[in-house]
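Input: a single structure, listed below in structure tokens.
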Amino acid sequence: ELAAWQREIRAEFPILAAEPHLAYLDSAATAQKPRAVLDAVTAYLTTSNANAARGTYPWANRTTRMIEEVRERVKSFLGDPEPARSRVHFTSGTSEGLRTIARDWLPGHLRDGDEIVVPFADHEANTSPWLEARDLLAARGVRITVHEMPVQSGSGDYDLTALAALLTPRTRFLALTHVHHVYGADMNVHRVRELAGDDVVLCLDAAQSMGHLPISLAALDVDFLVFSGHKALALPGTGAVWSREVRGAPLVPGGWDGTPNTAGIASLGAALAWLQDAGLDRIERWTRGLAERLTDGLSALPAYEVLGCPLSLARGTRVQQRQSIVTFRHRDIESVDLGFILFSEGFMVRADGLCQASGGEKRSSVRVSLHVYNTFEEIDRLLVTLRGLTSS
Ligand code: PMP
């Protein structure tokens, strides 16, 4: 019955119905939009479009109210246990969200000699802002030590034992990634909180988990959670930073910082409502099923190597769970060429030099990233195509 549910879900994405022979397998870059999101944008722009918190007339008031409602929607979507003590700051995506924390919040909360931990093997958006903050502080005579989040060689999983050994009484801040954008590895955030204790500020990049799996702030116990709306079915140029006041102090003191992306925020509200209706449990079960089918299929093809997931780990013994991202390479065919071959067969994948960064080795690869609209038929068709390239 999951399959029947998914067929109805898929039918809600107009772009997929328009070109049914194409398989969109690049949802980690940005996701497709269900009709409900497009309709919400049209409804907003055709009934209420105005600048927020400026006017005293109905459209402006409706816009202001809509934005407040989406803030509350973000909090409820995340299972915020104390919505009265948290803030939601809208951004254009995860990059801007992380940069905002690194620029506006972090410097004021670090002192000379403090230490932070940063995931160097993760998306650059969650690496460079912290290094820039360190350099900025150094220029002011405040020396911060930046440690690399330890990664196990081979699997690409975070090494939490090594992390525990790294933590000192001077550790103030940890930048984490919920789901890795290349390996799909699912971070055990709760365990990190146990290791770090209550006084360390945890900042979670949820770019690849938001909209893919149930998220509960009560369970994660982080201080900042940053995501991209556009990867969670909302319009391009959307995202948010959730922050709690207790440890973090509010990121933005409230009020309005210029004209917000009102239509984008409306789309985010609609996207989160749509995801809640569809059910994050079912979405996760569906996409992980697809990813496992692909991983297992690739494991049977000697010409391919799955990154961050050695063959011995492919079946059941993974240290960390894998989400809806599978990255691989062909032993003989260049990944960029493989991407072109796949596109000529109707598969849209990412193939422009994504790298395995751990261990210092850089190898390009092809990434297949899935969302609820993808199907087992697409995965099986992809595996047939990949198998056909085995002997070339
Ligand atoms: N972090 C992670 C883990 C990502 O996968 C991405 C997008 N690929 C980003 C940050 C950046 O997101 P955005 O482009 O929305 O700023």
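Every chain in the structure tokens has a letter given in the order shown (A, B, ...), and although residue numbers restart at 1 in each chain, ligands are simply numbered from 1 in the order shown.
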
Selection as a ChimeraX atom specification: residues within 10 Å of ligand 1 by only C-alpha atoms and all ligand atoms: /A:27-30,91-99,122-127,176-182,184,204-209,226-232,236-240

Would you pick out the contacts of stretch 369-386 of chain A at 7 Å or less, using only C-alpha atoms, so that residues sharing its chain but fewer than 6 positions from it are not included, and give the list as JSON, numbers by chain? {"A": [9, 10, 23, 25, 26, 27, 28, 283, 286, 287, 290, 294, 297, 324, 325, 326]}

From the options A:Leu195, A:Ala36, A:Val200, A:Ile101, which residue's atoms come nearest to A:Asp114, counting only C-alpha atoms? A:Val200

List as a list in words the protein and nucleic acid residues near A:Leu280, meaning an atom at most 12 Å away when only C-alpha atoms are counted, but skip any in the same chain fewer than 5 places from it. Phe77, Leu78, Ser209, Met210, Gly211, His212, Leu213, Pro214, Ile215, Ser216, Ala232, Leu272, Ala273, Trp274, Leu275, Arg285, Trp286, Thr287, Arg288, His371 and Val372 of chain A

Output for the residues just chosen: C-alpha atoms as a tab-separated table (two decimals), in the first residue's frame:
chain	number	residue	atom	x	y	z
A	77	PHE	CA	7.48	20.85	11.94
A	78	LEU	CA	10.74	20.55	13.87
A	209	SER	CA	17.45	15.84	6.25
A	210	MET	CA	14.73	18.50	6.25
A	211	GLY	CA	11.73	17.04	4.42
A	212	HIS	CA	13.34	13.61	4.18
A	213	LEU	CA	12.89	12.19	7.67
A	214	PRO	CA	11.07	13.09	10.88
A	215	ILE	CA	13.01	15.70	12.84
A	216	SER	CA	12.47	16.21	16.55
A	232	ALA	CA	12.29	20.68	1.14
A	272	LEU	CA	6.04	21.96	5.27
A	273	ALA	CA	2.27	21.46	5.55
A	274	TRP	CA	2.37	19.18	2.49
A	275	LEU	CA	5.25	17.15	3.95
A	285	ARG	CA	10.73	4.60	4.44
A	286	TRP	CA	10.11	5.09	0.72
A	287	THR	CA	13.33	6.92	-0.14
A	288	ARG	CA	15.52	4.67	2.00
A	371	HIS	CA	12.91	12.24	-2.90
A	372	VAL	CA	9.44	10.92	-2.33

If we count only C-alpha atoms and set the cut-off at 9 Å, which residues sit around A:Asn188, ignoring sequence neighbours fewer than 5 positions away in its own chain? Please answer as number ranges by chain. A: 158, 160, 178, 220, 320

From the list A:Glu148, A:Glu12, A:Asp296, A:Asp198, the nearest residue to A:Pro169 using only C-alpha atoms is A:Asp198

Let's see if you can do this: from backbone DSSP, list all strand (DSSP E) residues in stretch 143-325 of chain A, as a ChimeraX atom specification. /A:145-148,171-177,201-205,224-228,239-244,304-306,325

Report, in Å with one decimal, the straight-line distance from atom CA of A:Arg170 to atom CA of A:Glu115. 5.6 Å
